[in-house]
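Heads up, coords_31.txt below (compact mmCIF, C-alpha atoms):
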# COMPACT_ATOMS: atom_id res chain seq x y z
CA MET A 582 76.55 64.61 59.03
CA SER A 583 73.31 65.75 60.67
CA SER A 584 72.99 62.48 62.62
CA GLU A 585 76.56 62.98 63.89
CA ARG A 586 75.68 66.50 64.97
CA ASP A 587 72.44 65.30 66.52
CA LEU A 588 74.30 62.67 68.50
CA ASP A 589 76.72 65.34 69.71
CA LYS A 590 73.78 67.44 70.93
CA VAL A 591 72.26 64.45 72.67
CA LEU A 592 75.57 63.69 74.40
CA ALA A 593 75.90 67.34 75.43
CA GLY A 594 72.42 67.17 76.98
CA LYS A 595 71.00 69.69 74.54
CA ARG A 596 68.57 67.27 72.94
CA GLU A 597 66.64 64.17 73.98
CA PRO A 598 67.87 60.93 72.36
CA GLU A 599 65.63 59.66 69.59
CA GLY A 600 65.92 57.37 66.58
CA ASP A 601 69.46 56.25 65.76
CA SER A 602 71.07 58.42 68.35
CA ALA A 603 69.40 56.69 71.33
CA PRO A 604 71.41 53.42 71.26
CA LEU A 605 74.60 55.35 70.57
CA ALA A 606 73.92 57.63 73.51
CA ASP A 607 73.42 54.52 75.65
CA MET A 608 76.72 53.20 74.42
CA ALA A 609 78.37 56.48 75.37
CA ARG A 610 76.89 56.28 78.91
CA GLN A 611 78.21 52.75 79.26
CA LEU A 612 81.65 53.89 78.24
CA GLU A 613 81.59 56.72 80.74
CA GLY A 614 80.70 54.20 83.43
CA MET A 615 83.53 51.91 82.40
CA PHE A 616 86.06 54.72 82.44
CA ASP A 617 84.88 56.04 85.79
CA VAL A 618 87.45 54.15 87.82
CA GLU A 619 88.76 55.13 91.21
CA THR A 620 91.83 57.27 90.90
CA PRO A 621 94.85 56.15 92.94
CA SER A 622 96.02 58.52 95.64
CA ALA A 623 98.41 61.10 94.29
CA ASN A 624 99.06 63.14 97.44
CA ARG A 625 102.78 63.14 96.96
CA GLU A 626 102.52 64.28 93.32
CA ARG A 627 99.99 66.90 94.38
CA ALA A 628 102.29 68.30 97.06
CA VAL A 629 105.28 68.25 94.71
CA PHE A 630 103.33 70.01 91.96
CA ALA A 631 101.94 72.70 94.27
CA SER A 632 105.28 73.48 95.90
CA ALA A 633 107.06 73.42 92.53
CA VAL A 634 104.54 75.95 91.22
CA GLY A 635 105.31 78.12 94.26
CA VAL A 636 109.07 77.90 93.77
CA ARG A 637 108.71 78.52 90.07
CA GLY A 638 106.54 81.58 90.70
CA ARG A 639 109.12 83.07 93.05
CA ARG A 640 111.93 82.36 90.60
CA SER A 641 110.08 83.78 87.63
CA ALA A 642 109.25 86.90 89.61
CA ALA A 643 112.92 87.41 90.34
CA ARG A 644 113.75 86.60 86.75
CA TYR A 645 111.42 89.28 85.45
CA ILE A 646 112.18 91.90 88.11
CA ALA A 647 115.94 91.99 87.51
CA PRO A 648 115.75 92.70 83.74
CA ALA A 649 112.89 95.12 84.34
CA ILE A 650 115.02 97.10 86.79
CA ALA A 651 117.98 96.98 84.39
CA GLY A 652 115.75 98.14 81.52
CA ILE A 653 114.25 100.97 83.53
CA SER A 654 117.71 102.02 84.72
CA LEU A 655 118.97 102.08 81.16
CA LEU A 656 115.98 104.12 80.01
CA ALA A 657 116.45 106.52 82.90
CA ALA A 658 120.14 106.89 82.08
CA VAL A 659 119.40 107.55 78.41
CA TYR A 660 116.64 109.96 79.40
CA PHE A 661 118.75 112.03 81.78
CA ALA A 662 121.85 111.95 79.61
CA GLY A 663 119.84 112.65 76.46
CA ARG A 664 117.89 115.44 78.10
CA ALA A 665 121.04 117.48 78.62
CA ALA A 666 122.97 116.40 75.51
CA ASP A 667 124.52 119.24 73.54
CA PRO A 668 124.66 119.34 69.73
CA GLY A 669 127.35 116.97 68.51
CA ASN A 670 126.75 114.54 71.37
CA ALA A 671 125.66 111.02 70.39
CA LEU A 672 122.54 111.43 72.52
CA TYR A 673 121.55 114.75 70.98
CA PRO A 674 118.89 113.09 68.77
CA VAL A 675 117.38 111.69 71.98
CA ARG A 676 117.18 115.19 73.33
CA LYS A 677 115.49 116.43 70.17
CA ALA A 678 112.97 113.59 70.42
CA LEU A 679 112.34 114.39 74.09
CA GLN A 680 111.84 118.02 73.21
CA GLU A 681 109.14 117.01 70.76
CA VAL A 682 107.13 115.48 73.59
CA ASP A 683 108.03 118.18 76.13
CA LEU A 684 110.23 115.83 78.16
CA ALA A 685 113.35 117.93 77.62
CA PRO A 686 113.64 121.70 78.00
CA ARG A 687 113.12 123.80 74.86
CA PRO A 688 116.26 125.46 73.46
CA THR A 689 115.21 128.89 74.74
CA GLU A 690 114.49 127.49 78.21
CA GLU A 691 117.82 125.73 78.21
CA LEU A 692 119.60 128.90 77.07
CA ASP A 693 117.91 130.99 79.72
CA GLU A 694 118.97 128.50 82.38
CA ARG A 695 122.54 128.30 81.16
CA LEU A 696 122.92 132.04 80.73
CA ALA A 697 121.56 132.61 84.21
CA ALA A 698 124.00 130.02 85.56
CA ALA A 699 126.91 131.66 83.70
CA ASN A 700 125.87 135.04 85.03
CA THR A 701 125.76 133.69 88.58
CA THR A 702 129.21 132.19 88.12
CA LEU A 703 130.51 135.52 86.85
CA GLN A 704 129.02 137.35 89.83
CA LYS A 705 130.82 134.96 92.13
CA ALA A 706 134.01 135.43 90.15
CA GLU A 707 133.68 139.15 90.53
CA ALA A 708 133.02 138.87 94.25
CA PHE A 709 136.18 136.82 94.71
CA LEU A 710 138.27 139.13 92.54
CA ILE A 711 139.92 141.04 95.39
CA GLU A 712 140.19 138.48 98.14
CA ARG A 713 140.85 135.39 96.07
CA PRO A 714 141.88 136.23 92.53
CA GLY A 715 142.92 132.63 91.88
CA ARG A 716 139.39 131.43 92.65
CA SER A 717 137.93 134.28 90.63
CA GLN A 718 140.12 133.30 87.69
CA LYS A 719 138.87 129.73 87.82
CA LEU A 720 135.21 130.77 88.04
CA ALA A 721 135.62 133.13 85.08
CA ALA A 722 137.24 130.33 83.09
CA ASP A 723 134.33 128.04 84.01
CA ALA A 724 131.88 130.68 82.82
CA ILE A 725 133.70 131.01 79.50
CA LYS A 726 133.63 127.24 79.06
CA ALA A 727 129.92 127.12 79.87
CA LEU A 728 129.24 129.90 77.39
CA GLY A 729 131.03 127.87 74.72
CA GLY A 730 128.40 125.12 75.22
CA VAL A 731 125.66 127.75 75.10
CA GLU A 732 126.83 128.95 71.71
CA LEU A 733 126.23 125.46 70.30
CA LEU A 734 122.60 125.68 71.34
CA LEU A 735 122.04 128.92 69.47
CA ALA A 736 121.50 126.99 66.25
CA ASP A 737 118.33 125.44 67.74
CA VAL A 738 116.84 128.75 68.83
CA PRO A 739 114.22 130.36 66.57
CA GLU A 740 115.77 133.03 64.39
CA SER A 741 113.64 135.73 65.95
CA ASP A 742 115.31 135.11 69.33
CA ARG A 743 118.73 134.15 68.12
CA GLU A 744 120.29 137.59 67.85
CA ARG A 745 119.09 138.59 71.29
CA TYR A 746 120.64 135.47 72.81
CA ARG A 747 123.81 135.89 70.82
CA ALA A 748 124.22 139.43 72.11
CA ARG A 749 123.68 138.26 75.67
CA VAL A 750 126.22 135.46 75.24
CA GLU A 751 128.78 137.91 73.88
CA GLU A 752 128.15 140.31 76.68
CA LEU A 753 128.68 137.63 79.32
CA HIS A 754 131.66 136.30 77.43
CA ASN A 755 133.31 139.73 77.42
CA ASN A 756 132.57 140.20 81.10
CA ALA A 757 134.12 136.84 81.83
CA LEU A 758 137.26 137.77 79.89
CA VAL A 759 137.56 141.06 81.74
CA ILE A 760 137.28 139.30 85.09
CA LEU A 761 139.69 136.60 83.99
CA VAL A 762 142.30 139.13 82.94
CA GLU A 763 141.91 141.26 86.00
CA ALA A 764 142.05 138.24 88.27
CA SER A 765 145.22 137.09 86.51
CA VAL A 766 146.78 140.48 86.95
CA ARG A 767 145.90 140.54 90.61
CA GLU A 768 147.20 137.07 91.20
CA VAL A 769 150.50 137.83 89.55
CA THR A 770 150.73 141.11 91.42
CA GLU A 771 150.06 139.39 94.73
CA ASP A 772 152.64 136.70 93.94
CA THR A 773 155.17 139.37 93.10
CA GLY A 774 154.39 141.31 96.26
CA ALA A 775 154.72 138.20 98.33
CA SER A 776 158.06 137.28 96.79
CA SER A 777 159.39 140.83 97.22
CA SER A 778 158.34 140.85 100.85
CA ARG A 779 160.11 137.55 101.32
CA SER A 780 163.38 138.97 99.80
CA PRO A 781 163.43 142.71 100.33
CA GLY A 782 167.02 143.04 99.13
CA SER A 783 166.46 141.46 95.73
CA GLU A 784 166.50 143.29 92.39
CA ASN A 785 162.78 142.65 91.98
CA SER A 786 161.91 144.69 95.00
CA GLY A 787 161.68 147.94 92.98
CA PRO A 788 159.30 146.96 90.21
CA GLY A 789 157.64 144.53 92.55
CA SER A 790 156.79 147.29 94.93
CA GLU A 791 155.53 149.36 92.03
CA SER A 792 153.27 146.56 90.95
CA SER A 793 152.15 146.11 94.45
CA GLY A 794 151.40 149.80 94.66
CA SER A 795 149.37 149.81 91.43
CA GLY A 796 147.73 146.61 92.53
CA SER A 797 146.44 148.09 95.67
CA GLY A 798 145.12 151.03 93.73
CA ASP A 799 143.35 148.70 91.32
CA SER A 800 141.90 146.75 94.11
CA GLY A 801 140.35 149.86 95.46
CA ASP A 802 138.74 150.50 92.11
CA SER A 803 137.63 146.95 91.81
CA GLY A 804 136.14 147.17 95.21
CA ASP A 805 134.03 150.00 93.94
CA SER A 806 133.07 148.17 90.82
CA SER A 807 132.05 145.01 92.63
CA GLY A 808 129.91 147.09 94.89
CA SER A 809 128.27 149.04 92.14
CA GLY A 810 127.66 146.32 89.52
CA SER A 811 129.06 143.82 87.19
CA GLY A 812 131.50 145.90 85.23
CA ASP A 813 130.25 149.26 84.22
CA SER A 814 132.52 151.02 86.62
CA ASP A 815 135.28 148.66 85.66
CA GLU A 816 135.20 150.10 82.20
CA GLU A 817 137.18 153.07 83.26
CA ASP A 818 139.92 151.14 85.02
CA ASN A 819 139.88 148.21 82.68
CA SER A 820 139.12 150.01 79.50
CA GLY A 821 142.55 149.17 78.15
CA SER A 822 142.24 145.51 78.92
CA GLY A 823 138.47 145.10 78.62
CA SER A 824 138.15 146.71 75.22
CA ASP A 825 140.46 144.22 73.67
CA SER A 826 140.93 140.92 75.31
CA SER A 827 144.10 140.14 73.44
CA GLY A 828 145.46 143.47 74.49
CA SER A 829 144.56 142.73 78.03
CA GLY A 830 146.34 139.42 77.77
CA SER A 831 149.53 141.10 76.72
CA GLY A 832 149.06 143.63 79.45
CA SER A 833 148.82 140.83 81.87
CA ASP A 834 151.96 139.33 80.44
CA ASP A 835 153.67 142.66 80.82
CA ASN A 836 152.70 142.71 84.40
CA SER A 837 153.92 139.27 85.01
CA GLY A 838 157.05 140.17 83.13
CA SER A 839 157.61 143.15 85.30
CA GLY A 840 156.91 141.02 88.34
CA SER A 841 159.35 138.34 87.49
CA GLY A 842 161.93 140.61 85.90
CA MET B 1473 84.85 74.63 88.57
CA ASP B 1474 83.27 77.10 86.14
CA ASN B 1475 85.20 78.83 83.37
CA ALA B 1476 85.72 82.11 85.27
CA GLN B 1477 87.04 80.31 88.33
CA LEU B 1478 89.23 78.12 86.17
CA ARG B 1479 90.77 81.19 84.52
CA GLN B 1480 91.43 82.73 87.89
CA GLU B 1481 93.06 79.60 89.30
CA VAL B 1482 95.22 79.12 86.20
CA ARG B 1483 96.34 82.76 86.36
CA ARG B 1484 97.17 82.45 90.04
CA ALA B 1485 99.04 79.20 89.54
CA ALA B 1486 101.04 80.82 86.75
CA ARG B 1487 102.08 83.49 89.27
CA GLY B 1488 103.15 80.83 91.75
CA ASP B 1489 100.07 80.38 93.94
CA GLU B 1490 100.41 76.95 95.55
CA GLU B 1491 96.79 76.75 96.63
CA SER B 1492 95.57 77.31 93.08
CA ALA B 1493 98.05 74.74 91.82
CA ALA B 1494 96.67 72.20 94.29
CA LEU B 1495 93.11 73.01 93.20
CA LEU B 1496 94.01 72.49 89.56
CA PHE B 1497 95.70 69.22 90.42
CA ASP B 1498 92.61 67.98 92.26
CA HIS B 1499 90.38 69.02 89.40
CA TYR B 1500 92.39 67.51 86.56
CA HIS B 1501 94.37 64.60 87.94
CA PRO B 1502 91.45 62.11 88.04
CA ARG B 1503 90.42 62.99 84.50
CA LEU B 1504 93.96 62.78 83.19
CA TYR B 1505 94.49 59.45 84.91
CA ARG B 1506 91.28 57.99 83.46
CA TYR B 1507 92.11 59.23 80.01
CA ALA B 1508 95.62 57.80 80.23
CA LEU B 1509 94.31 54.50 81.62
CA ALA B 1510 91.84 54.26 78.75
CA ARG B 1511 94.67 54.76 76.30
CA VAL B 1512 97.67 52.92 77.75
CA GLY B 1513 95.79 50.17 79.61
CA SER B 1514 98.06 50.03 82.66
CA SER B 1515 97.49 51.83 85.94
CA GLN B 1516 101.21 52.34 86.45
CA ASP B 1517 101.69 53.84 83.00
CA ALA B 1518 98.56 55.93 83.45
CA GLU B 1519 99.93 57.35 86.70
CA ASP B 1520 103.20 58.12 84.97
CA VAL B 1521 101.40 59.90 82.12
CA ALA B 1522 99.30 61.95 84.56
CA ALA B 1523 102.34 62.90 86.65
CA GLU B 1524 104.39 63.77 83.57
CA THR B 1525 101.51 65.89 82.27
CA PHE B 1526 101.67 68.02 85.43
CA ALA B 1527 105.44 68.27 85.07
CA ARG B 1528 104.92 69.66 81.55
CA VAL B 1529 102.25 72.02 82.83
CA LEU B 1530 104.73 73.29 85.37
CA ARG B 1531 107.29 73.86 82.64
CA ASP B 1532 104.98 75.45 80.07
CA LEU B 1533 102.33 77.25 82.08
CA ASP B 1534 103.91 80.60 81.20
CA ARG B 1535 103.35 79.89 77.53
CA PHE B 1536 99.69 78.97 77.87
CA ARG B 1537 97.32 81.58 76.39
CA TRP B 1538 93.55 81.62 76.63
CA ARG B 1539 92.74 81.04 73.00
CA GLY B 1540 90.31 78.71 71.29
CA ALA B 1541 89.31 75.70 73.33
CA GLY B 1542 91.05 76.76 76.55
CA PHE B 1543 92.98 75.11 79.32
CA ASP B 1544 91.33 71.66 79.16
CA ALA B 1545 92.26 71.23 75.51
CA TRP B 1546 95.81 72.44 76.19
CA LEU B 1547 96.23 70.08 79.13
CA PHE B 1548 94.85 67.04 77.33
CA ARG B 1549 96.91 67.79 74.27
CA ILE B 1550 99.97 67.47 76.49
CA ALA B 1551 98.61 64.21 77.88
CA HIS B 1552 97.81 62.95 74.38
CA ASN B 1553 101.35 63.70 73.22
CA LEU B 1554 102.72 61.84 76.22
CA VAL B 1555 100.53 58.86 75.40
CA MET B 1556 101.87 58.93 71.86
CA ASP B 1557 105.42 59.08 73.24
CA HIS B 1558 104.60 56.12 75.43
CA PHE B 1559 103.42 54.11 72.44
CA ARG B 1560 106.47 55.12 70.43
CA ARG B 1561 108.76 53.98 73.21
CA SER B 1562 106.97 50.68 73.68
CA GLY B 1563 106.34 50.30 69.94
CA ARG B 1564 102.89 48.97 70.73
CA GLU B 1565 100.17 51.29 69.51
CA SER B 1566 100.66 50.30 65.88
CA LEU B 1567 99.71 46.70 66.61
CA ASP B 1568 96.06 46.56 67.53
CA GLU B 1569 96.23 42.86 68.31
CA ASP B 1570 98.77 43.48 71.04
CA MET B 1571 96.05 45.13 73.05
CA ASP B 1572 94.50 41.72 73.53
CA THR B 1573 97.70 40.01 74.49
CA GLN B 1574 98.89 42.44 77.15
CA GLU B 1575 100.10 40.66 80.21
CA LEU B 1576 99.12 41.91 83.61
CA ASP B 1577 101.83 42.99 85.95
CA LEU B 1578 101.16 40.65 88.90
CA ARG B 1579 103.48 42.58 91.18
CA THR B 1580 101.06 45.52 91.29
CA PRO B 1581 98.93 45.99 94.43
CA GLU B 1582 95.44 44.56 94.47
CA GLY B 1583 93.66 47.77 93.59
CA ALA B 1584 95.89 48.42 90.68
CA PHE B 1585 95.50 44.80 89.65
CA LEU B 1586 91.74 45.16 89.47
CA GLN B 1587 92.05 48.41 87.61
CA ASP B 1588 94.43 46.86 85.19
CA GLU B 1589 91.96 44.05 84.62
CA LEU B 1590 89.20 46.54 83.99
CA ALA B 1591 91.47 48.54 81.76
CA ARG B 1592 92.22 45.38 79.86
CA GLU B 1593 88.54 44.86 79.18
CA VAL B 1594 88.32 48.41 77.95
CA GLN B 1595 91.36 47.91 75.80
CA ASP B 1596 89.82 44.77 74.36
CA MET B 1597 86.80 46.73 73.40
CA LEU B 1598 88.69 49.72 72.05
CA SER B 1599 90.94 47.47 70.00
CA HIS B 1600 88.11 47.26 67.47
CA LEU B 1601 88.43 50.96 66.80
CA THR B 1602 90.91 52.92 64.71
CA HIS B 1603 93.63 55.01 66.45
CA ASP B 1604 91.74 58.22 65.83
CA GLN B 1605 88.49 56.74 67.11
CA ARG B 1606 90.23 55.56 70.29
CA ASP B 1607 91.69 59.00 70.82
CA VAL B 1608 88.28 60.60 70.49
CA ILE B 1609 86.50 58.08 72.71
CA ALA B 1610 89.14 58.31 75.43
CA LEU B 1611 89.18 62.12 75.43
CA ARG B 1612 85.40 62.42 75.30
CA PHE B 1613 84.29 59.76 77.78
CA ALA B 1614 87.32 59.22 80.02
CA GLY B 1615 88.82 62.72 79.91
CA GLY B 1616 85.46 64.46 79.92
CA LEU B 1617 86.22 66.90 77.08
CA ASP B 1618 83.50 68.18 74.78
CA THR B 1619 83.81 67.83 71.01
CA HIS B 1620 85.39 71.28 70.56
CA GLU B 1621 88.00 70.62 73.22
CA THR B 1622 88.66 67.16 71.81
CA ALA B 1623 89.15 68.64 68.35
CA ALA B 1624 91.59 71.21 69.73
CA ALA B 1625 93.49 68.61 71.76
CA LEU B 1626 93.89 66.38 68.71
CA GLY B 1627 94.40 69.18 66.18
CA LYS B 1628 91.35 68.08 64.19
CA LYS B 1629 88.22 69.79 62.95
CA VAL B 1630 85.08 69.55 65.08
CA ASN B 1631 83.11 67.82 62.34
CA ALA B 1632 85.84 65.23 61.97
CA VAL B 1633 85.68 64.54 65.69
CA ARG B 1634 81.88 64.22 65.54
CA GLN B 1635 82.22 61.76 62.71
CA LEU B 1636 84.87 59.73 64.53
CA GLN B 1637 82.74 59.71 67.65
CA PHE B 1638 79.64 58.56 65.76
CA ARG B 1639 81.47 55.77 63.94
CA ALA B 1640 83.26 54.64 67.09
CA LEU B 1641 80.05 54.41 69.10
CA GLU B 1642 78.35 52.59 66.28
CA THR B 1643 81.18 50.07 66.02
CA LEU B 1644 81.23 49.49 69.77
CA ARG B 1645 77.46 49.08 69.92
CA LYS B 1646 77.50 46.53 67.10
CA ARG B 1647 80.39 44.72 68.75
CA MET B 1648 78.62 44.53 72.08
CA ALA B 1649 75.44 43.31 70.41
CA HIS B 1650 77.50 40.68 68.62
CA ASP B 1651 79.18 39.58 71.88
CA VAL B 1652 75.82 39.25 73.61
CA VAL B 1653 74.46 37.10 70.81
Do you think you could lay out the structure here as structure tokens?
Amino acid sequence: MSSERDLDKVLAGKREPEGDSAPLADMARQLEGMFDVETPSANRERAVFASAVGVRGRRSAARYIAPAIAGISLLAAVYFAGRAADPGNALYPVRKALQEVDLAPRPTEELDERLAAANTTLQKAEAFLIERPGRSQKLAADAIKALGGVELLLADVPESDRERYRARVEELHNNALVILVEASVREVTEDTGASSSRSPGSENSGPGSESSGSGSGDSGDSGDSSGSGSGDSDEEDNSGSGSDSSGSGSGSDDNSGSGSG
Amino acid sequence: MDNAQLRQEVRRAARGDEESAALLFDHYHPRLYRYALARVGSSQDAEDVAAETFARVLRDLDRFRWRGAGFDAWLFRIAHNLVMDHFRRSGRESLDEDMDTQELDLRTPEGAFLQDELAREVQDMLSHLTHDQRDVIALRFAGGLDTHETAAALGKKVNAVRQLQFRALETLRKRMAHDVV
């Protein structure tokens, strides 16, 4: 085996040929000379190979870019959808995982944001209460819906903060109901007033005008309340409806009943 | 072309660089042709093997990884497999004697004719060797691979290749001495 290794070293130029390896090294040189033939021209094959490599490179780039874009898009979609997924949503575990690595807002941050957004919506609803009760009604309903989603997040909040958030949610929820009821009342009252003005000789003109009269009085109060704050001053006027939302609902029905009847 | 440059050119060619592809072709085509000529004994078949090797390179370059013996071994393994395919198709390699009775293709151009004649002499000589010895001799002295690359191209151990090389050279030397006498 050593002579075979020695020969290999001689052929690699790492050792001078000596002993048995010398004639074998000569034989190897002769073979190299025999094999060293002139290579036929292969210009056409060369050009074809080079251009095919170029075409292949462009194709493979396109082949890799398209799935990469699709993959990134999918990840981005999962990320953004998962980031805002509420409990119960299929992507909620994604959100929890993102929260672990600070890529999704913490429950308290999310709650703060949502409560602030609900509060802003309620402020708008209150501002529209007199001029556009229909719009106000819709905004209040949106706020109530948003608060429903917020309540689901309470489970993820640390217990030490939970009660504070729950109280704030309830407060906003009650405010939203008050605005919703009042906006409903105003809308019905306005509808009744409009219909009575269209047909002054109808039977509804009496109660309709009463409603209209009380409505204008309310609107004056509401105007005060919207100027002073979110609902403290409303408490006096709306105490009957605001203290009990179901009661306020029936009150509203009464009003609508009086309007239509 | 040193190893670092070779790596760079292979990487560029894999990304679609035509200039690098042309460089690789220039570097390897003569060696592949000589190896194939040493094995198949016909200039036309050798050209086909060399061209087909580059076609396979084009197809599989993405799959090539710098492990073990490197690009040379990978390339010549492809060529070796094509030579084996050629023998399977022609059903010739198993009959050593047929090497001596090959007929020249007289329609080939003069240059190719001379090469074929030379190749025939080589084939005559190599016909005294075993298949494995021929593989080793052709890869080592026509293809220009070292023993490690030859072992990788053939899927053999380095010591086995050294042994085959030693025995093959010994046989050829004895044969030549016998012919001279």
May I have a table of the residues of chain B lying at most 7 Å from chain A, giving each one's closest pair of atoms and their distance in Å to one decimal, counting all atoms listed in the file, ordered by chain and ascending residue number, as CSV?
residue,atom,partner,partner_atom,distance
B:Ala1485,CA,A:Val634,CA,6.6
B:Ala1486,CA,A:Gly638,CA,6.8
B:Arg1487,CA,A:Gly638,CA,5.1
B:Gly1488,CA,A:Gly638,CA,3.6
B:Asp1489,CA,A:Gly635,CA,5.7
B:Glu1490,CA,A:Ala631,CA,4.7
B:Glu1491,CA,A:Ala631,CA,7.0
B:Ala1493,CA,A:Ala631,CA,5.0
B:Ala1494,CA,A:Ala631,CA,5.3
B:Phe1497,CA,A:Arg627,CA,6.3
B:Pro1502,CA,A:Thr620,CA,5.6
B:Tyr1505,CA,A:Thr620,CA,6.9
B:Arg1506,CA,A:Phe616,CA,6.2
B:Ala1510,CA,A:Phe616,CA,6.9
B:Ala1523,CA,A:Glu626,CA,6.8
B:Leu1530,CA,A:Val634,CA,6.4
B:Phe1613,CA,A:Glu613,CA,5.0
B:Ala1614,CA,A:Phe616,CA,5.3
B:Arg1634,CA,A:Glu585,CA,5.7
B:Gln1635,CA,A:Glu585,CA,5.9
B:Phe1638,CA,A:Glu585,CA,5.7
B:Leu1641,CA,A:Leu605,CA,5.7
B:Glu1642,CA,A:Leu605,CA,6.3
B:Arg1645,CA,A:Met608,CA,6.1
Long-range neighbours of Leu1598 in chain B as a PDB file with C-alpha atoms, in the frame of the given file, 9 Å cut-off, only C-alpha atoms, 4 positions minimum in chain:
ATOM      1  CA  ALA B1510      91.840  54.260  78.750  1.00  0.00           C
ATOM      2  CA  ARG B1511      94.670  54.760  76.300  1.00  0.00           C
ATOM      3  CA  MET B1571      96.050  45.130  73.050  1.00  0.00           C
ATOM      4  CA  GLU B1593      88.540  44.860  79.180  1.00  0.00           C
ATOM      5  CA  VAL B1594      88.320  48.410  77.950  1.00  0.00           C
ATOM      6  CA  THR B1602      90.910  52.920  64.710  1.00  0.00           C
ATOM      7  CA  GLN B1605      88.490  56.740  67.110  1.00  0.00           C
ATOM      8  CA  ARG B1606      90.230  55.560  70.290  1.00  0.00           C
ATOM      9  CA  ILE B1609      86.500  58.080  72.710  1.00  0.00           C
ATOM     10  CA  ALA B1640      83.260  54.640  67.090  1.00  0.00           C
ATOM     11  CA  LEU B1644      81.230  49.490  69.770  1.00  0.00           C
TER      12      LEU B1644
END
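Atom pair CA of Gln1516 in chain B / CA of Asp1588 in chain B: separated by 8.8 Å.
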Spatial neighbours of range 706-719 of chain A, max dist 6 Å, all atoms listed in the file, sep filter under 5 positions, as a PDB file with C-alpha atoms, in the coordinates of the input:
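As written to disk, selection.pdb reads:
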ATOM      1  CA  LEU A 761     139.690 136.600  83.990  1.00  0.00           C
ATOM      2  CA  ALA A 764     142.050 138.240  88.270  1.00  0.00           C
ATOM      3  CA  GLU A 768     147.200 137.070  91.200  1.00  0.00           C
TER       4      GLU A 768
END
Legend entry - Atomic separation - CA of Gln1637 in chain B relative to CA of Ala1649 in chain B, Å: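 Interatomic distance, CA of Ala1649 in chain B to CA of Gln1637 in chain B: 18.2 Å.
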Inset, instruction - Excluding Trp1546 in chain B and any residue of its chain fewer than 4 positions from it, enumerate the residues within 8 Å of it, using all atoms listed in the file, and give them as a ChimeraX atom specification. - result: /B:1536,1541-1542,1550,1624-1625
Inset, instruction - State, in Å with one decimal place, the distance from CA of Leu655 in chain A to CA of Asp693 in chain A. - result: 29.0 Å
Legend entry - Residue nearest Gly1563 in chain B among B:Ala1545, B:Val1512, B:Ala1610, B:Ala1551 (counting all atoms listed in the file):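 Among the listed residues, B:Val1512 lies closest to Gly1563 in chain B.
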Since the input lacks some atoms of range 1607-1619 of chain B, please model N, CA and C atoms and print them as a short mmCIF file (atom, residue, chain, number, x, y, z; two decimals), keeping the file's coordinate frame.
data_model
loop_
_atom_site.label_atom_id
_atom_site.label_comp_id
_atom_site.auth_asym_id
_atom_site.auth_seq_id
_atom_site.Cartn_x
_atom_site.Cartn_y
_atom_site.Cartn_z
N ASP B 1607 91.33 57.70 70.24
CA ASP B 1607 91.69 59.00 70.82
C ASP B 1607 90.44 59.79 71.20
N VAL B 1608 89.50 59.81 70.25
CA VAL B 1608 88.28 60.60 70.49
C VAL B 1608 87.48 60.03 71.65
N ILE B 1609 87.30 58.71 71.65
CA ILE B 1609 86.50 58.08 72.71
C ILE B 1609 87.14 58.30 74.09
N ALA B 1610 88.45 58.15 74.14
CA ALA B 1610 89.14 58.31 75.43
C ALA B 1610 89.05 59.75 75.92
N LEU B 1611 89.25 60.71 75.02
CA LEU B 1611 89.18 62.12 75.43
C LEU B 1611 87.76 62.52 75.81
N ARG B 1612 86.79 62.02 75.06
CA ARG B 1612 85.40 62.42 75.30
C ARG B 1612 84.84 61.78 76.57
N PHE B 1613 85.03 60.45 76.71
CA PHE B 1613 84.29 59.76 77.78
C PHE B 1613 85.15 59.38 78.99
N ALA B 1614 86.47 59.42 78.84
CA ALA B 1614 87.32 59.22 80.02
C ALA B 1614 87.86 60.57 80.49
N GLY B 1615 88.27 61.40 79.54
CA GLY B 1615 88.82 62.72 79.91
C GLY B 1615 87.76 63.77 80.18
N GLY B 1616 86.56 63.54 79.66
CA GLY B 1616 85.46 64.46 79.92
C GLY B 1616 85.50 65.73 79.09
N LEU B 1617 86.20 65.71 77.95
CA LEU B 1617 86.22 66.90 77.08
C LEU B 1617 84.98 66.93 76.20
N ASP B 1618 84.58 68.11 75.77
CA ASP B 1618 83.50 68.18 74.78
C ASP B 1618 84.12 68.05 73.38
N THR B 1619 83.29 68.08 72.37
CA THR B 1619 83.81 67.83 71.01
C THR B 1619 84.78 68.94 70.56
#
